[in-house]
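J.: Below you'll find the structure I mean.
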Amino acid sequence: MRFPRRRALRPGLRTRLIAAFLLVAAISAVTTAALTYQSARSAILKQAQDQAIEQFREQIGTEYFALPTSTAALQNACRTLARAGKPHPWFVFAEYGTLRASSTNRPTSTVITDELRRRTHANAHGSFQRVIQDGTPYLTIGMPVMFDSFTDQRSGVYLYAVMDLTTEGVTIQAMVTAAKNGALPALAIAVVPALLAARSVLRPVRDLRRAASSMGKGRLDTRIEVKGSDELADLAWTFNESAEELERSVEELQKAEARARRFASDVSHELRTPLAGMLAVTEVLDEDADGLDPDTARAVRLISAETGKLATLVEDLMEISRFDAKAAELNADEVDVGETIRKTLQRRHWQDRVVTQLPDGVRATIDPRRFDIVVANLVGNALRHGSEPVTVRLRPGAGDGPLVVEVADRGPGIDAAVLPHIFDRFFKADAARTRSAGSGLGLAITLENVRLHGGTVRAANGPEGGAVFTVELPAGVLGDAPVEAAR
């Protein structure tokens, strides 16, 4: 049975291994870059934030506020604090009741949120918040001015610093760009270990495929070199052990088959001599059977018929043995094929039971004796198992085409389950036809003779019923060819 070749619907294992390796490398690179980015971003922003808060707190502690104060006093204080902003400059805003002042030309800032104000009013140590406005990141710090830090006595003045974090943002963006630029070279470098890993994995797989293909072609001594001690090495060990067991089993089967064939050949040879004597005796008894009483005559004729069948079986077994031993020879000669078929039918007195379509002048180089066996077996099989009329057709090959001989009957045909086995030795399709009295070797011998001519023989059912056996012989060409069974 031939299995259809599977279409390549998926990428090869090598491609999938490399893709998986690169995917893992990409995920690892992205994950590492993301974690590094998060950590570095937090560290950069926290450092700038802590430094600014601490500096702003210290500057407020050195500043003097006289209460009640005025807008001008608050503005002077804001400008003083703004000048002290290092390393990043900041803008300072002050709130005291309804008074508003800043170090800029605007008394208030939209960057300072109500949430920051609420938290600054609630916390004596102040609060901070990072805000992004119009794409620009800012750090906003809120600090209450205290009369006494030990008693948390507040003056009512609240100062806010707004610091631009663009420099830190540029640093963070540079890190992102560096991570992106480093990812592609990293993936390119990862291709090298991916190829090496794929090669190390696929080498034993390729070895296994080649070994399996070699065993499929009949080389049962195929083995795989085992390297390493991983799962693939275990697979190679298992394959080698299975191959050894299979080779041992096949050798035992071949020896048993050879013994069986030799036994059949030896038995056939040994039976030939006593059968010759028995046949001579049965011929004499047949001649005198009419003078015997009815019961004795019936027994004599039964013995004669069964002895004839036994002689036919022995001859068939000897013929099969010669094919098995490769001792069968082809003595080819150029003959008139139609005339050869007519002689086959006449020798067996079948000419009145068989319809022939044999054009004159069809010549071919064949072995007349073996071709006679082929035609006789097929016609005899049709007469025994089919229904008359049996038709024998001869069709000459067109150009270099094969010579075709077709034998058809009008019987019940061949069951579909029987067709693949019709040329097997000792096979009888009793379920579809009347019980056979033959040896079960006739069609097998036919097959071997056709193969010896380099031709083919196939069995099928005709469109109007009945079995059809078709023999195709390449004129003048010798060699082995396959057998076919079809509907």
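Every chain in the structure tokens has a letter given in the order shown (A, B, ...), and although residue numbers restart at 1 in each chain, ligands are simply numbered from 1 in the order shown.
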Write out as a PDB file with N, CA and C atoms, in the first residue's frame the set of residues from segment 351-455 of chain A that DSSP, computed on the backbone, places in alpha helix (DSSP H).
T.:
ATOM      1  N   PRO A 368       7.309 -19.965 -26.162  1.00  0.00           N
ATOM      2  CA  PRO A 368       6.036 -20.631 -26.519  1.00  0.00           C
ATOM      3  C   PRO A 368       5.510 -21.531 -25.402  1.00  0.00           C
ATOM      4  N   ARG A 369       6.414 -22.275 -24.730  1.00  0.00           N
ATOM      5  CA  ARG A 369       5.943 -23.202 -23.697  1.00  0.00           C
ATOM      6  C   ARG A 369       5.342 -22.439 -22.523  1.00  0.00           C
ATOM      7  N   ARG A 370       6.011 -21.386 -22.082  1.00  0.00           N
ATOM      8  CA  ARG A 370       5.494 -20.631 -20.938  1.00  0.00           C
ATOM      9  C   ARG A 370       4.258 -19.819 -21.328  1.00  0.00           C
ATOM     10  N   PHE A 371       4.214 -19.307 -22.550  1.00  0.00           N
ATOM     11  CA  PHE A 371       3.013 -18.605 -22.990  1.00  0.00           C
ATOM     12  C   PHE A 371       1.830 -19.560 -23.068  1.00  0.00           C
ATOM     13  N   ASP A 372       2.085 -20.802 -23.463  1.00  0.00           N
ATOM     14  CA  ASP A 372       1.032 -21.825 -23.481  1.00  0.00           C
ATOM     15  C   ASP A 372       0.473 -22.042 -22.081  1.00  0.00           C
ATOM     16  N   ILE A 373       1.359 -22.080 -21.065  1.00  0.00           N
ATOM     17  CA  ILE A 373       0.915 -22.246 -19.675  1.00  0.00           C
ATOM     18  C   ILE A 373       0.059 -21.059 -19.235  1.00  0.00           C
ATOM     19  N   VAL A 374       0.475 -19.841 -19.606  1.00  0.00           N
ATOM     20  CA  VAL A 374      -0.270 -18.647 -19.224  1.00  0.00           C
ATOM     21  C   VAL A 374      -1.683 -18.698 -19.783  1.00  0.00           C
ATOM     22  N   VAL A 375      -1.809 -18.954 -21.100  1.00  0.00           N
ATOM     23  CA  VAL A 375      -3.134 -18.976 -21.729  1.00  0.00           C
ATOM     24  C   VAL A 375      -3.970 -20.122 -21.174  1.00  0.00           C
ATOM     25  N   ALA A 376      -3.356 -21.294 -21.010  1.00  0.00           N
ATOM     26  CA  ALA A 376      -4.100 -22.452 -20.519  1.00  0.00           C
ATOM     27  C   ALA A 376      -4.619 -22.215 -19.096  1.00  0.00           C
ATOM     28  N   ASN A 377      -3.805 -21.654 -18.244  1.00  0.00           N
ATOM     29  CA  ASN A 377      -4.246 -21.401 -16.871  1.00  0.00           C
ATOM     30  C   ASN A 377      -5.388 -20.392 -16.828  1.00  0.00           C
ATOM     31  N   LEU A 378      -5.297 -19.327 -17.614  1.00  0.00           N
ATOM     32  CA  LEU A 378      -6.335 -18.297 -17.583  1.00  0.00           C
ATOM     33  C   LEU A 378      -7.632 -18.814 -18.191  1.00  0.00           C
ATOM     34  N   VAL A 379      -7.559 -19.511 -19.315  1.00  0.00           N
ATOM     35  CA  VAL A 379      -8.780 -20.044 -19.937  1.00  0.00           C
ATOM     36  C   VAL A 379      -9.374 -21.149 -19.069  1.00  0.00           C
ATOM     37  N   GLY A 380      -8.518 -22.051 -18.558  1.00  0.00           N
ATOM     38  CA  GLY A 380      -9.036 -23.103 -17.682  1.00  0.00           C
ATOM     39  C   GLY A 380      -9.685 -22.531 -16.432  1.00  0.00           C
ATOM     40  N   ASN A 381      -9.099 -21.490 -15.861  1.00  0.00           N
ATOM     41  CA  ASN A 381      -9.684 -20.836 -14.686  1.00  0.00           C
ATOM     42  C   ASN A 381     -11.054 -20.236 -15.025  1.00  0.00           C
ATOM     43  N   ALA A 382     -11.171 -19.610 -16.211  1.00  0.00           N
ATOM     44  CA  ALA A 382     -12.440 -19.019 -16.628  1.00  0.00           C
ATOM     45  C   ALA A 382     -13.497 -20.101 -16.863  1.00  0.00           C
ATOM     46  N   LEU A 383     -13.110 -21.221 -17.464  1.00  0.00           N
ATOM     47  CA  LEU A 383     -14.081 -22.297 -17.712  1.00  0.00           C
ATOM     48  C   LEU A 383     -14.547 -22.956 -16.419  1.00  0.00           C
ATOM     49  N   ARG A 384     -13.638 -23.103 -15.449  1.00  0.00           N
ATOM     50  CA  ARG A 384     -14.014 -23.755 -14.191  1.00  0.00           C
ATOM     51  C   ARG A 384     -14.848 -22.846 -13.298  1.00  0.00           C
ATOM     52  N   HIS A 385     -14.477 -21.574 -13.216  1.00  0.00           N
ATOM     53  CA  HIS A 385     -15.084 -20.700 -12.219  1.00  0.00           C
ATOM     54  C   HIS A 385     -16.098 -19.711 -12.797  1.00  0.00           C
ATOM     55  N   GLY A 442      -2.293 -22.170 -10.005  1.00  0.00           N
ATOM     56  CA  GLY A 442      -2.341 -21.851 -11.425  1.00  0.00           C
ATOM     57  C   GLY A 442      -2.106 -20.381 -11.714  1.00  0.00           C
ATOM     58  N   LEU A 443      -2.820 -19.492 -11.013  1.00  0.00           N
ATOM     59  CA  LEU A 443      -2.653 -18.065 -11.265  1.00  0.00           C
ATOM     60  C   LEU A 443      -1.306 -17.564 -10.769  1.00  0.00           C
ATOM     61  N   ALA A 444      -0.791 -18.169  -9.682  1.00  0.00           N
ATOM     62  CA  ALA A 444       0.535 -17.781  -9.199  1.00  0.00           C
ATOM     63  C   ALA A 444       1.607 -18.138 -10.235  1.00  0.00           C
ATOM     64  N   ILE A 445       1.464 -19.319 -10.864  1.00  0.00           N
ATOM     65  CA  ILE A 445       2.412 -19.718 -11.907  1.00  0.00           C
ATOM     66  C   ILE A 445       2.253 -18.816 -13.132  1.00  0.00           C
ATOM     67  N   THR A 446       1.024 -18.447 -13.437  1.00  0.00           N
ATOM     68  CA  THR A 446       0.787 -17.513 -14.545  1.00  0.00           C
ATOM     69  C   THR A 446       1.510 -16.193 -14.303  1.00  0.00           C
ATOM     70  N   LEU A 447       1.363 -15.689 -13.087  1.00  0.00           N
ATOM     71  CA  LEU A 447       2.032 -14.434 -12.728  1.00  0.00           C
ATOM     72  C   LEU A 447       3.542 -14.534 -12.917  1.00  0.00           C
ATOM     73  N   GLU A 448       4.136 -15.612 -12.432  1.00  0.00           N
ATOM     74  CA  GLU A 448       5.589 -15.754 -12.536  1.00  0.00           C
ATOM     75  C   GLU A 448       6.038 -15.852 -13.987  1.00  0.00           C
ATOM     76  N   ASN A 449       5.274 -16.549 -14.831  1.00  0.00           N
ATOM     77  CA  ASN A 449       5.641 -16.663 -16.238  1.00  0.00           C
ATOM     78  C   ASN A 449       5.517 -15.327 -16.963  1.00  0.00           C
ATOM     79  N   VAL A 450       4.483 -14.560 -16.625  1.00  0.00           N
ATOM     80  CA  VAL A 450       4.332 -13.241 -17.241  1.00  0.00           C
ATOM     81  C   VAL A 450       5.468 -12.322 -16.795  1.00  0.00           C
ATOM     82  N   ARG A 451       5.792 -12.356 -15.510  1.00  0.00           N
ATOM     83  CA  ARG A 451       6.907 -11.550 -15.005  1.00  0.00           C
ATOM     84  C   ARG A 451       8.214 -11.926 -15.696  1.00  0.00           C
ATOM     85  N   LEU A 452       8.401 -13.209 -15.937  1.00  0.00           N
ATOM     86  CA  LEU A 452       9.625 -13.657 -16.585  1.00  0.00           C
ATOM     87  C   LEU A 452       9.746 -13.069 -17.990  1.00  0.00           C
TER      88      LEU A 452
END
J.: Contacts of Ala408 of chain A at 7 Å or less, counting only C-alpha atoms, minus same-chain residues fewer than 4 places along, as a ChimeraX atom specification?
T.: /A:390-392,466-469
J.: One number please: atom CA of Leu279 of chain A to atom CA of Ala297 of chain A, in Å, one decimal.
T.: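 These two atoms are separated by 16.3 Å.
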J.: If I take atom CA of Val92 of chain A and atom CA of Gln51 of chain A, how far is one from the other in Å, to one decimal?
T.: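 Spanning atom CA of Val92 of chain A to atom CA of Gln51 of chain A is a straight-line distance of 16.0 Å.
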J.: May I have the residues within 12 Å of segment 245-254 of chain A as a count of residues only, using only C-alpha atoms and disregarding those fewer than 2 positions away in the same chain?
T.: 21
J.: Any idea what's packed within 8 Å of Glu388 of chain A, counting only C-alpha atoms, ignoring anything in its chain fewer than 2 positions away? Could you give it as an mmCIF file with C-alpha atoms, in the first residue's frame?
T.:
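Result file part36.cif:
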data_model
loop_
_atom_site.group_PDB
_atom_site.id
_atom_site.type_symbol
_atom_site.label_atom_id
_atom_site.label_comp_id
_atom_site.auth_asym_id
_atom_site.auth_seq_id
_atom_site.Cartn_x
_atom_site.Cartn_y
_atom_site.Cartn_z
ATOM 1 C CA ARG A 353 -16.115 -23.720 -25.746
ATOM 2 C CA VAL A 354 -14.080 -20.566 -26.293
ATOM 3 C CA LEU A 383 -14.081 -22.297 -17.712
ATOM 4 C CA GLY A 386 -16.936 -18.498 -14.709
ATOM 5 C CA VAL A 390 -15.253 -17.513 -22.504
ATOM 6 C CA ASP A 409 -15.947 -14.935 -18.911
ATOM 7 C CA ARG A 410 -19.627 -14.304 -18.164
ATOM 8 C CA GLY A 411 -19.594 -15.567 -14.579
#
J.: Segment 396-405 of chain A: which residues within 7 Å, counting only C-alpha atoms, same-chain residues fewer than 5 positions away excluded, as a list in words?
T.: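 My list of contacting residues is Val362, Thr470, Val471, Glu472, Leu473, Pro474 and Ala475 of chain A.
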J.: For the residues in that selection, give me N, CA and C atoms as an mmCIF file, in the first residue's frame.
T.:
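What follows is the written file result-v1.cif:
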data_model
loop_
_atom_site.group_PDB
_atom_site.id
_atom_site.type_symbol
_atom_site.label_atom_id
_atom_site.label_comp_id
_atom_site.auth_asym_id
_atom_site.auth_seq_id
_atom_site.Cartn_x
_atom_site.Cartn_y
_atom_site.Cartn_z
ATOM 1 N N VAL A 362 0.080 -11.498 -36.135
ATOM 2 C CA VAL A 362 0.637 -10.828 -34.956
ATOM 3 C C VAL A 362 1.801 -11.671 -34.454
ATOM 4 N N THR A 470 -6.128 -9.624 -17.955
ATOM 5 C CA THR A 470 -5.424 -8.946 -19.047
ATOM 6 C C THR A 470 -3.926 -9.151 -18.882
ATOM 7 N N VAL A 471 -3.299 -9.670 -19.917
ATOM 8 C CA VAL A 471 -1.850 -9.884 -19.945
ATOM 9 C C VAL A 471 -1.254 -8.908 -20.952
ATOM 10 N N GLU A 472 -0.233 -8.182 -20.523
ATOM 11 C CA GLU A 472 0.489 -7.276 -21.409
ATOM 12 C C GLU A 472 1.946 -7.717 -21.472
ATOM 13 N N LEU A 473 2.413 -8.009 -22.698
ATOM 14 C CA LEU A 473 3.781 -8.485 -22.890
ATOM 15 C C LEU A 473 4.513 -7.541 -23.838
ATOM 16 N N PRO A 474 5.643 -6.978 -23.363
ATOM 17 C CA PRO A 474 6.453 -6.170 -24.276
ATOM 18 C C PRO A 474 7.239 -7.078 -25.207
ATOM 19 N N ALA A 475 6.937 -7.043 -26.505
ATOM 20 C CA ALA A 475 7.576 -7.946 -27.460
ATOM 21 C C ALA A 475 9.078 -7.717 -27.488
#
J.: Excluding Gly142 of chain A and its own-chain neighbours fewer than 6 positions away, which residues fall within 12 Å of it when counting only C-alpha atoms? Please give them as a PyMOL selection string.
T.: chain A and resi 52-54+56-57+60+91-95+111-130+157-163
J.: Would you save the residues from that selection as a compact mmCIF listing (two decimals), in the first residue's frame, using C-alpha atoms?
T.:
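That gives us again-v4.txt:
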# COMPACT_ATOMS: atom_id res chain seq x y z
CA ALA A 52 15.06 68.93 44.79
CA ILE A 53 12.81 68.33 47.82
CA GLU A 54 15.70 68.35 50.24
CA PHE A 56 13.83 73.27 48.62
CA ARG A 57 13.19 72.39 52.24
CA ILE A 60 12.79 77.56 52.97
CA PHE A 91 10.03 78.37 39.52
CA VAL A 92 8.64 79.23 42.95
CA PHE A 93 5.05 80.20 43.74
CA ALA A 94 3.72 81.47 47.09
CA GLU A 95 0.25 81.51 48.56
CA VAL A 111 0.98 72.87 36.76
CA ILE A 112 0.23 73.03 40.49
CA THR A 113 -2.85 70.89 41.06
CA ASP A 114 -5.55 71.10 43.69
CA GLU A 115 -4.52 67.64 44.82
CA LEU A 116 -1.01 68.89 45.60
CA ARG A 117 -2.44 71.87 47.48
CA ARG A 118 -4.68 69.63 49.54
CA ARG A 119 -1.83 67.28 50.44
CA THR A 120 0.53 70.19 51.22
CA HIS A 121 -2.02 71.75 53.58
CA ALA A 122 -2.54 68.41 55.30
CA ASN A 123 1.12 67.43 55.70
CA ALA A 124 3.53 69.51 57.76
CA HIS A 125 6.49 68.04 55.87
CA GLY A 126 5.09 68.96 52.49
CA SER A 127 4.32 66.88 49.44
CA PHE A 128 5.32 66.45 45.79
CA GLN A 129 3.75 65.37 42.54
CA ARG A 130 4.97 64.58 39.02
CA VAL A 157 2.41 80.66 53.92
CA TYR A 158 2.67 77.83 51.39
CA LEU A 159 5.47 77.69 48.86
CA TYR A 160 5.48 75.64 45.65
CA ALA A 161 8.41 74.82 43.40
CA VAL A 162 7.93 73.73 39.79
CA MET A 163 10.94 72.03 38.19
J.: Using DSSP secondary structure from the backbone, list all strand (DSSP E or B) positions within segment 140-170 of chain A, as a list of chain:residue names.
T.: A:Thr140, A:Ile141, A:Gly142, A:Met143, A:Pro144, A:Val145, A:Met146, A:Phe147, A:Asp148, A:Gln153, A:Arg154, A:Ser155, A:Gly156, A:Val157, A:Tyr158, A:Leu159, A:Tyr160, A:Ala161, A:Val162, A:Met163, A:Asp164
J.: Report, in Å with one decimal, the straight-line distance from atom CA of Ser103 of chain A to atom CA of Thr136 of chain A.
T.: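 According to the coordinates, atom CA of Ser103 of chain A and atom CA of Thr136 of chain A are separated by 19.9 Å.
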